[in-house]
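Reviewing the structure listed below.
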Amino acid sequence: MSMSQTKWYLQARLVLGIVAILTMTGLVAWHSANEQEDPSFPYRNGMILLVKPGMDITQLTDEGVRPIERVLSEIDEIQTFSARIKQGYANIDLELKEHIYDTDPIWQRIKDRIRQLELQLNPINISVHDRIQDTQGIVLSVSTGNGILHDHRFALKIKDELLSLSDVRTATLIGAPKEQLQIAYSAQSMRETGITPTKIAKHVAQLNTEATPPILQNGSFTTGLNSLTRISTLDTIKGTQIFSPNGSAMLLANIADVAYRIDPISNEQFWIDGKRTVGIALTLPPDTIQVTAVGARIKQKIAQLNHQYAPFKVHVHLFQPDWTQKRRSSLLTSLLVSCLGVTVVLMCLMSFRSALIVSVSIPAIALSALGIFGMFGGLFIK
């Protein structure tokens, strides 16, 4: 029996066929494998936010932070936690132990324990954030030309439209203004009508409550519903009637200026070219998408929204998928130039046939490695 029959790797056709298959697999993997700009890490860092406007630091510490810290100390997987407390606001930073890679069950346990504790701390608003490590690689802004409040409302529409894309994980508003209902009531109107500002405030508060709470009854079960009938429009408030001390009725819009205005106390603002506006930051899911293809679909969606809501505009300020595409193109160009340079050098030192065989083997080896990498679910990180 000859050596070529006993050793498979000496059969030229078989070896060339395997190399050709791996090379084609590498080409497919190069164009179809998942990719992203930055590497992703286990979600070991998070935070717990406590919000209670008007509560002083001592009270918030005793009634909110300390009980949460006692609960966190009972969870062995937490390595460290620290609190920062301000007037009406507290932030507890968490870090899980380094050997933990499956972090979702741990964060779910933390959320369950905090949810149980929140029932006892009813006046305090508590929220757990376990995805703060996500990279917001796409930043947009909106412009309506009608002021920051109209920008905010338009940004909410665009946010909902973008969240309809399956490849968008989260969309967060940046610099969104807080709106408040302001009723400007002059001293002259108060003297003319005899209606005090306190009476107007109580009247508006009553508009937002149910006068006769409904009752649910089924056999031996009876319960009452303390529901709220939210004021849906500004015209509802303007058109409400209020009675003066002499019993005459008048519309609230006739005696006061009722409008939504920006809350002067704002913790975050977003400025572009010297103009305040509202931004939208998008987060894409890690390790499961081809970021360049997703970026193309997002750009197509933005172009569609600009056409749909014209003359309002959505502007792109940071678009990380573009950088990923540029790095991908630069890498491909570098590989081609390197192969060409090696070919020229080898032709000067070897025969044309030998130089050509060695030069062809370089991209074949690279593509074969990419093919094996892609077959096992590899992720390209740029």
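Starting from 1 in every chain, residues are counted up; chains themselves are A, B, ... following the order of the structure tokens, and ligands are numbered from 1 as listed.
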Using only C-alpha atoms, which residues sit within 7 Å of Gly137 (chain A) once same-chain residues fewer than 3 positions away are excluded, as a PDB file with C-alpha atoms, in the first residue's frame?
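Saved result, selection_18.pdb, follows:
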ATOM      1  CA  LEU A 282     -29.716  54.371  21.895  1.00  0.00           C
ATOM      2  CA  THR A 283     -28.316  51.161  23.350  1.00  0.00           C
ATOM      3  CA  LEU A 318     -22.690  60.090  17.367  1.00  0.00           C
ATOM      4  CA  PHE A 319     -23.101  56.913  15.361  1.00  0.00           C
ATOM      5  CA  GLN A 320     -20.773  54.150  16.498  1.00  0.00           C
TER       6      GLN A 320
END
Residues near Glu69 (chain A), cut-off 9 Å, only C-alpha atoms, skip fewer than 5 positions along chain, as a PDB file with all heavy atoms, in the first residue's frame:
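To be explicit, this is the file written out as out.pdb:
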ATOM      1  N   GLY A  64     -34.396  55.257  54.566  1.00  0.00           N
ATOM      2  CA  GLY A  64     -34.217  54.641  53.265  1.00  0.00           C
ATOM      3  C   GLY A  64     -32.903  53.918  53.081  1.00  0.00           C
ATOM      4  O   GLY A  64     -32.867  52.721  52.787  1.00  0.00           O
ATOM      5  N   GLU A  74     -26.988  41.087  53.480  1.00  0.00           N
ATOM      6  CA  GLU A  74     -27.398  39.692  53.607  1.00  0.00           C
ATOM      7  C   GLU A  74     -27.202  38.898  52.317  1.00  0.00           C
ATOM      8  O   GLU A  74     -27.395  37.679  52.310  1.00  0.00           O
ATOM      9  CB  GLU A  74     -28.869  39.617  54.024  1.00  0.00           C
ATOM     10  CG  GLU A  74     -29.165  40.279  55.375  1.00  0.00           C
ATOM     11  CD  GLU A  74     -30.650  40.330  55.669  1.00  0.00           C
ATOM     12  OE1 GLU A  74     -31.428  39.867  54.798  1.00  0.00           O
ATOM     13  OE2 GLU A  74     -31.040  40.815  56.748  1.00  0.00           O
ATOM     14  N   PHE A  81     -20.620  47.945  48.471  1.00  0.00           N
ATOM     15  CA  PHE A  81     -21.654  48.933  48.166  1.00  0.00           C
ATOM     16  C   PHE A  81     -21.363  50.187  48.962  1.00  0.00           C
ATOM     17  O   PHE A  81     -20.830  50.138  50.073  1.00  0.00           O
ATOM     18  CB  PHE A  81     -23.069  48.403  48.454  1.00  0.00           C
ATOM     19  CG  PHE A  81     -23.304  47.951  49.861  1.00  0.00           C
ATOM     20  CD1 PHE A  81     -23.641  48.846  50.860  1.00  0.00           C
ATOM     21  CD2 PHE A  81     -23.188  46.614  50.194  1.00  0.00           C
ATOM     22  CE1 PHE A  81     -23.853  48.423  52.165  1.00  0.00           C
ATOM     23  CE2 PHE A  81     -23.397  46.176  51.486  1.00  0.00           C
ATOM     24  CZ  PHE A  81     -23.731  47.084  52.478  1.00  0.00           C
ATOM     25  N   SER A  82     -21.694  51.321  48.364  1.00  0.00           N
ATOM     26  CA  SER A  82     -21.459  52.621  49.002  1.00  0.00           C
ATOM     27  C   SER A  82     -22.592  53.556  48.622  1.00  0.00           C
ATOM     28  O   SER A  82     -23.170  53.427  47.540  1.00  0.00           O
ATOM     29  CB  SER A  82     -20.108  53.214  48.581  1.00  0.00           C
ATOM     30  OG  SER A  82     -20.056  53.392  47.170  1.00  0.00           O
ATOM     31  N   ALA A  83     -22.888  54.502  49.504  1.00  0.00           N
ATOM     32  CA  ALA A  83     -24.034  55.402  49.316  1.00  0.00           C
ATOM     33  C   ALA A  83     -23.568  56.845  49.231  1.00  0.00           C
ATOM     34  O   ALA A  83     -22.637  57.260  49.924  1.00  0.00           O
ATOM     35  CB  ALA A  83     -25.030  55.235  50.453  1.00  0.00           C
ATOM     36  N   ILE A  92     -26.999  54.425  45.758  1.00  0.00           N
ATOM     37  CA  ILE A  92     -26.210  53.342  46.342  1.00  0.00           C
ATOM     38  C   ILE A  92     -25.562  52.566  45.206  1.00  0.00           C
ATOM     39  O   ILE A  92     -26.253  51.948  44.385  1.00  0.00           O
ATOM     40  CB  ILE A  92     -27.080  52.402  47.204  1.00  0.00           C
ATOM     41  CG1 ILE A  92     -27.786  53.191  48.305  1.00  0.00           C
ATOM     42  CG2 ILE A  92     -26.232  51.290  47.810  1.00  0.00           C
ATOM     43  CD1 ILE A  92     -28.724  52.357  49.154  1.00  0.00           C
TER      44      ILE A  92
END
With distances taken over only C-alpha atoms, which of A:Gln11, A:Val71, A:Pro363, A:Asn34 is nearest to Leu340 (chain A)?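 Looking only at the distances to Leu340 (chain A), the closest residue turns out to be A:Pro363.
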Identify which of the residues A:Leu332, A:Val19, A:Leu14, A:Ala29 lies closest to Ala364 (chain A), counting only C-alpha atoms when measuring atom-to-atom distances.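 The answer is A:Val19, which sits nearest to Ala364 (chain A).
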Can you pull out every residue within 12 Å of Met190 (chain A), counting only C-alpha atoms, but drop anything in the same chain fewer than 3 positions away, and send it as a ChimeraX atom specification? /A:184-187,193-200,244-245,255-256
Residues at most 9 Å from Phe270 (chain A), counting only C-alpha atoms, excluding those fewer than 5 positions away in the same chain, as a list in words?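 Close residues of Phe270 (chain A): Ser141, Ile174, Gly175, Ala176, Lys275, Arg276, Thr277, Val278 and Gly279 of chain A.
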Using N, CA and C atoms, can you write the selected residues to a file as a CSV table (one decimal), in the first residue's frame?
chain,number,residue,atom,x,y,z
A,141,SER,N,-30.4,64.0,18.2
A,141,SER,CA,-31.1,65.1,18.8
A,141,SER,C,-32.3,65.5,17.9
A,174,ILE,N,-32.1,62.6,26.7
A,174,ILE,CA,-31.0,63.3,27.3
A,174,ILE,C,-31.5,64.8,27.4
A,175,GLY,N,-31.4,65.4,28.6
A,175,GLY,CA,-31.7,66.8,28.7
A,175,GLY,C,-33.2,67.0,28.6
A,176,ALA,N,-34.0,66.1,28.9
A,176,ALA,CA,-35.5,66.3,28.7
A,176,ALA,C,-35.9,67.2,29.8
A,275,LYS,N,-27.6,75.9,21.4
A,275,LYS,CA,-29.0,75.9,21.5
A,275,LYS,C,-29.4,74.7,22.3
A,276,ARG,N,-30.3,74.9,23.3
A,276,ARG,CA,-30.8,73.8,24.1
A,276,ARG,C,-31.8,73.0,23.4
A,277,THR,N,-31.7,71.7,23.5
A,277,THR,CA,-32.6,70.8,22.8
A,277,THR,C,-32.7,69.5,23.6
A,278,VAL,N,-33.3,68.5,23.0
A,278,VAL,CA,-33.5,67.2,23.7
A,278,VAL,C,-32.8,66.1,22.9
A,279,GLY,N,-32.0,65.3,23.5
A,279,GLY,CA,-31.2,64.2,22.8
A,279,GLY,C,-31.8,62.8,23.1
Identify, on the basis of only C-alpha atoms, every residue whose closest approach to Leu162 (chain A) does not exceed 9 Å; exclude the query and any residue fewer than 3 positions from it along the same chain; express the result as a PyMOL selection string. chain A and resi 157-159+165-166+168+171+282+298+301-302
Go ahead and save the picked residues with N, CA and C atoms, as a compact mmCIF listing (two decimals), in the first residue's frame.
# COMPACT_ATOMS: atom_id res chain seq x y z
N LYS A 157 -42.04 60.98 20.73
CA LYS A 157 -42.56 60.25 19.57
C LYS A 157 -41.44 59.48 18.86
N ILE A 158 -40.30 60.16 18.68
CA ILE A 158 -39.18 59.52 18.00
C ILE A 158 -38.66 58.35 18.83
N LYS A 159 -38.64 58.50 20.13
CA LYS A 159 -38.19 57.42 21.02
C LYS A 159 -39.06 56.18 20.83
N LEU A 165 -38.05 49.15 16.66
CA LEU A 165 -37.06 48.33 15.98
C LEU A 165 -36.60 47.23 16.94
N SER A 166 -36.58 46.00 16.47
CA SER A 166 -36.23 44.87 17.34
C SER A 166 -34.78 44.90 17.79
N VAL A 168 -33.04 47.57 18.74
CA VAL A 168 -32.77 48.64 19.71
C VAL A 168 -33.18 48.15 21.09
N ALA A 171 -33.85 53.18 24.65
CA ALA A 171 -33.74 54.55 24.14
C ALA A 171 -33.99 55.49 25.31
N LEU A 282 -29.28 55.74 22.19
CA LEU A 282 -29.72 54.37 21.90
C LEU A 282 -28.68 53.37 22.37
N ILE A 298 -31.11 51.48 11.25
CA ILE A 298 -31.46 52.64 12.08
C ILE A 298 -31.38 53.92 11.25
N LYS A 301 -34.41 54.15 9.18
CA LYS A 301 -35.56 54.54 9.99
C LYS A 301 -35.54 56.04 10.27
N ILE A 302 -34.37 56.60 10.56
CA ILE A 302 -34.25 58.04 10.83
C ILE A 302 -34.63 58.84 9.58
Using CA of Gly274 (chain A) and CA of Phe312 (chain A) as the two end points, give the distance in Å to one decimal.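 Rounded to one decimal, the two atoms are 18.7 Å apart.
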Could you pull the residues within 12 Å of region 118-131 of chain A, counting only C-alpha atoms, minus those fewer than 2 positions along the same chain, as a ChimeraX atom specification? /A:40-55,59-68,71,88-96,103-116,133-136,169-170,283-286
Pick from A:Gln300, A:Pro311, A:Asp102, A:Asp287: nearest to Pro39 (chain A), with only C-alpha atoms counted?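 Closest residue, counting only C-alpha atoms: A:Asp287.
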